[in-house]
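Below: one structure, written as structure tokens.
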Amino acid sequence: MTRLWPCVVVALLCSFLAVATSASAVTVGLVVAAFAALVKVTWRSLPQPQSGGSTSRDSRTRMSPESLGQSLADQIVKEVFQPQPALPSTYDSVEWLLAQTFSTTIYVPQLFSPTVADRALSALHERAWSALLGVSSHKIPLAISTLNERAALRYRQYEDAMTVFLVQRNETPIMNALLENVSPGASLDQRLDLWITFNARMKAHKEVLSEMQSQVEVVS
């Protein structure tokens, strides 16, 4: 569900930051760290160990791609259904889960090889959807296939909105998309709070994955 981002976007983003007004600069600053990685996705393999790397690599805990995806899914599910502090009452838990899993489709391919990323993301979605079916309060059960279709739709919507943000320096589409899907009963004034929360979770996911990459050897 991810794709490579054109290198020209990097130059565009830099130019936007250079001429941004103070108001826009605040918003851009909230997400520049998260999206810097997004425009650098190259689907490359794990880094090779440096001198003496064989010993360092052997000392790391080994994990399968499936275990990696399941571990990340468990963390996201806990954040959505057992958040500390509690999320606003207007949040749709299913849509918030989809927004969180979307961020993993950006960072997992960036940090791990294509084979590992595909298997990890597949396991992540399967685990997250299974957990959702067990804890969701919705009266009508959500089938796995339905969730996959819904996720694909949301991922395209969020990715397109982020492209607009990067290319046109316009954050309104992604903010509106999150508000429309995650918190449809909220006011327009609450868009920024949701946007900030979303980006904070994206940053946290990247940090967790980066730490796992350094401490765990994922064996495909």
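A note on labels: chains of the structure tokens are A, B, ... as shown, every chain counts residues from 1, and ligands are counted from 1 in their shown order.
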- Item | Residues near Glu217 in chain A, cut-off 6 Å, only C-alpha atoms, skip fewer than 3 positions along chain, as a PyMOL selection string | chain A and resi 60-62
- If you run DSSP on the backbone, which residues of range 67-183 of chain A are alpha helix (DSSP H), as a ChimeraX atom specification? /A:67-81,93-111,114-135,144-168,172-182
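Atom pair CA of Ala152 in chain A / CA of Glu95 in chain A has a distance of 12.3 Å (rounded to one decimal).
Proximity to Leu97 in chain A was assessed for A:Ala120, A:Val182, A:Met162, A:Ile196 counting only C-alpha atoms; the smallest distance is recorded for A:Val182.
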- Identify, on the basis of only C-alpha atoms, every residue whose closest approach to range 83-92 of chain A does not exceed 12 Å; exclude the query and any residue fewer than 4 positions from it along the same chain; express the result as an MDAnalysis selection string. chainID A and resid 75:79 96:99 136:138 178:187 190:191 193:194 197:198 201
Expected file: the selected residues, C-alpha atoms, as a compact mmCIF listing (two decimals), in the first residue's frame:
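Result saved to selection-v2.txt:
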# COMPACT_ATOMS: atom_id res chain seq x y z
CA GLN A 75 0.80 -1.82 20.59
CA ILE A 76 -1.52 0.06 18.22
CA VAL A 77 -4.61 -1.82 19.40
CA LYS A 78 -3.74 -0.97 23.00
CA GLU A 79 -3.26 2.70 22.10
CA TRP A 96 -8.61 5.83 14.53
CA LEU A 97 -7.20 2.32 14.27
CA LEU A 98 -7.06 2.66 10.48
CA ALA A 99 -5.26 5.99 10.80
CA SER A 136 -15.33 -3.40 18.77
CA SER A 137 -18.66 -2.28 20.20
CA HIS A 138 -20.26 -2.11 16.75
CA LEU A 178 -8.91 12.89 9.52
CA LEU A 179 -11.76 14.96 10.94
CA GLU A 180 -14.29 13.47 8.55
CA ASN A 181 -13.28 9.88 9.24
CA VAL A 182 -11.98 9.79 12.80
CA SER A 183 -14.06 12.45 14.52
CA PRO A 184 -17.09 13.28 12.36
CA GLY A 185 -18.98 14.79 15.28
CA ALA A 186 -16.23 17.24 16.19
CA SER A 187 -16.10 20.89 15.27
CA GLN A 190 -10.80 20.56 16.71
CA ARG A 191 -9.06 19.68 13.45
CA ASP A 193 -5.83 18.89 17.85
CA LEU A 194 -6.56 15.75 15.85
CA THR A 197 -2.33 13.82 17.86
CA PHE A 198 -2.06 11.92 14.59
CA ARG A 201 1.49 8.85 17.03
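Straight-line separation from CA of Leu72 in chain A to CA of Val164 in chain A: 28.2 Å.
You will find CA of Ala161 in chain A at 12.5 Å from CA of Trp195 in chain A.
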- Counting only C-alpha atoms, what is within 6 Å of range 123-130 of chain A, bar same-chain residues fewer than 6 positions away, as number ranges by chain? A: 66, 69-70, 73
Could you give me, as a tab-separated table (two decimals) with all heavy atoms, in the first residue's frame, the residues within 10 Å of Val218 in chain A, counting only C-alpha atoms and dropping anything in the same chain fewer than 2 positions from it?
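What follows is the written file part_39.tsv:
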chain	number	residue	atom	x	y	z
A	46	LEU	N	18.10	-4.12	4.93
A	46	LEU	CA	18.67	-3.70	6.20
A	46	LEU	C	20.15	-3.34	6.03
A	46	LEU	O	20.85	-3.95	5.23
A	46	LEU	CB	18.54	-4.82	7.23
A	46	LEU	CG	17.13	-5.08	7.76
A	46	LEU	CD1	17.13	-6.36	8.58
A	46	LEU	CD2	16.67	-3.91	8.62
A	60	ARG	N	22.01	-9.78	18.76
A	60	ARG	CA	20.65	-9.27	18.72
A	60	ARG	C	19.63	-10.40	18.77
A	60	ARG	O	19.86	-11.50	18.32
A	60	ARG	CB	20.43	-8.44	17.45
A	60	ARG	CG	21.25	-7.17	17.40
A	60	ARG	CD	20.83	-6.29	16.24
A	60	ARG	NE	21.04	-6.94	14.95
A	60	ARG	CZ	20.59	-6.46	13.79
A	60	ARG	NH1	19.87	-5.36	13.79
A	60	ARG	NH2	20.85	-7.09	12.67
A	61	THR	N	18.46	-10.08	19.33
A	61	THR	CA	17.37	-11.04	19.39
A	61	THR	C	16.82	-11.26	17.99
A	61	THR	O	16.65	-10.30	17.23
A	61	THR	CB	16.25	-10.53	20.31
A	61	THR	OG1	16.78	-10.30	21.61
A	61	THR	CG2	15.11	-11.53	20.38
A	62	ARG	N	16.54	-12.48	17.66
A	62	ARG	CA	15.99	-12.78	16.35
A	62	ARG	C	14.47	-12.80	16.40
A	62	ARG	O	13.87	-13.25	17.38
A	62	ARG	CB	16.52	-14.12	15.84
A	62	ARG	CG	18.00	-14.09	15.53
A	62	ARG	CD	18.43	-15.28	14.69
A	62	ARG	NE	19.79	-15.14	14.22
A	62	ARG	CZ	20.34	-15.91	13.29
A	62	ARG	NH1	19.64	-16.90	12.75
A	62	ARG	NH2	21.59	-15.72	12.92
A	63	MET	N	13.86	-12.31	15.32
A	63	MET	CA	12.41	-12.21	15.25
A	63	MET	C	11.96	-12.41	13.81
A	63	MET	O	12.63	-11.96	12.88
A	63	MET	CB	11.95	-10.83	15.77
A	63	MET	CG	10.46	-10.55	15.63
A	63	MET	SD	10.03	-8.86	16.16
A	63	MET	CE	10.26	-9.00	17.93
A	64	SER	N	10.85	-13.05	13.61
A	64	SER	CA	10.30	-13.23	12.27
A	64	SER	C	9.54	-11.97	11.87
A	64	SER	O	9.12	-11.19	12.73
A	64	SER	CB	9.36	-14.43	12.24
A	64	SER	OG	8.19	-14.15	12.98
A	65	PRO	N	9.36	-11.74	10.56
A	65	PRO	CA	8.57	-10.59	10.12
A	65	PRO	C	7.16	-10.61	10.70
A	65	PRO	O	6.60	-9.57	11.04
A	65	PRO	CB	8.56	-10.73	8.60
A	65	PRO	CG	9.81	-11.50	8.28
A	65	PRO	CD	9.96	-12.46	9.41
A	66	GLU	N	6.59	-11.81	10.82
A	66	GLU	CA	5.25	-11.93	11.37
A	66	GLU	C	5.20	-11.48	12.83
A	66	GLU	O	4.25	-10.79	13.25
A	66	GLU	CB	4.76	-13.38	11.25
A	66	GLU	CG	4.42	-13.83	9.84
A	66	GLU	CD	5.64	-14.05	8.96
A	66	GLU	OE1	6.76	-14.24	9.51
A	66	GLU	OE2	5.49	-14.03	7.73
A	67	SER	N	6.21	-11.85	13.60
A	67	SER	CA	6.27	-11.43	15.00
A	67	SER	C	6.43	-9.92	15.11
A	67	SER	O	5.86	-9.28	16.00
A	67	SER	CB	7.43	-12.13	15.71
A	67	SER	OG	7.22	-13.52	15.77
A	68	LEU	N	7.21	-9.34	14.21
A	68	LEU	CA	7.37	-7.89	14.17
A	68	LEU	C	6.03	-7.21	13.94
A	68	LEU	O	5.66	-6.28	14.66
A	68	LEU	CB	8.35	-7.51	13.06
A	68	LEU	CG	8.47	-6.01	12.74
A	68	LEU	CD1	9.07	-5.27	13.92
A	68	LEU	CD2	9.31	-5.80	11.48
A	112	PHE	N	12.79	-1.62	6.73
A	112	PHE	CA	13.05	-3.03	6.50
A	112	PHE	C	12.96	-3.36	5.01
A	112	PHE	O	12.41	-2.59	4.22
A	112	PHE	CB	12.05	-3.89	7.29
A	112	PHE	CG	12.12	-3.67	8.78
A	112	PHE	CD1	11.27	-2.78	9.41
A	112	PHE	CD2	13.04	-4.36	9.54
A	112	PHE	CE1	11.35	-2.55	10.78
A	112	PHE	CE2	13.13	-4.15	10.92
A	112	PHE	CZ	12.28	-3.25	11.54
A	113	SER	N	13.52	-4.49	4.66
A	113	SER	CA	13.55	-4.91	3.26
A	113	SER	C	12.13	-5.18	2.75
A	113	SER	O	11.20	-5.40	3.54
A	113	SER	CB	14.40	-6.17	3.10
A	113	SER	OG	13.74	-7.27	3.72
A	116	VAL	N	10.57	-8.48	4.11
A	116	VAL	CA	10.22	-8.36	5.53
A	116	VAL	C	9.03	-7.43	5.71
A	116	VAL	O	8.10	-7.72	6.48
A	116	VAL	CB	11.43	-7.84	6.33
A	116	VAL	CG1	11.00	-7.45	7.75
A	116	VAL	CG2	12.52	-8.89	6.39
A	120	ALA	N	5.53	-8.47	7.36
A	120	ALA	CA	5.22	-7.81	8.64
A	120	ALA	C	3.89	-7.06	8.56
A	120	ALA	O	3.07	-7.13	9.48
A	120	ALA	CB	6.34	-6.85	9.01
A	212	MET	N	13.48	-1.11	17.34
A	212	MET	CA	13.41	-2.54	17.07
A	212	MET	C	14.42	-2.94	16.01
A	212	MET	O	15.04	-4.00	16.08
A	212	MET	CB	11.99	-2.91	16.62
A	212	MET	CG	10.94	-2.80	17.71
A	212	MET	SD	9.29	-3.25	17.15
A	212	MET	CE	9.48	-5.02	16.98
A	213	GLN	N	14.61	-2.08	15.00
A	213	GLN	CA	15.56	-2.39	13.94
A	213	GLN	C	16.97	-2.50	14.48
A	213	GLN	O	17.76	-3.33	14.03
A	213	GLN	CB	15.51	-1.30	12.87
A	213	GLN	CG	16.40	-1.61	11.66
A	213	GLN	CD	16.67	-0.39	10.82
A	213	GLN	OE1	16.82	0.71	11.34
A	213	GLN	NE2	16.74	-0.57	9.51
A	215	GLN	N	17.80	-3.29	17.65
A	215	GLN	CA	17.94	-4.29	18.70
A	215	GLN	C	17.54	-5.69	18.28
A	215	GLN	O	17.88	-6.66	18.96
A	215	GLN	CB	17.11	-3.87	19.93
A	215	GLN	CG	17.55	-2.58	20.56
A	215	GLN	CD	16.71	-2.20	21.77
A	215	GLN	OE1	15.76	-2.90	22.10
A	215	GLN	NE2	17.07	-1.12	22.42
A	216	VAL	N	16.80	-5.79	17.19
A	216	VAL	CA	16.25	-7.08	16.77
A	216	VAL	C	16.70	-7.40	15.34
A	216	VAL	O	16.66	-6.52	14.46
A	216	VAL	CB	14.72	-7.09	16.85
A	216	VAL	CG1	14.16	-8.39	16.32
A	216	VAL	CG2	14.27	-6.86	18.28
A	220	SER	N	13.92	-13.28	7.70
A	220	SER	CA	12.86	-13.60	6.75
A	220	SER	C	12.93	-15.05	6.30
A	220	SER	O	13.92	-15.72	6.51
A	220	SER	CB	12.96	-12.67	5.53
A	220	SER	OG	14.21	-12.80	4.91
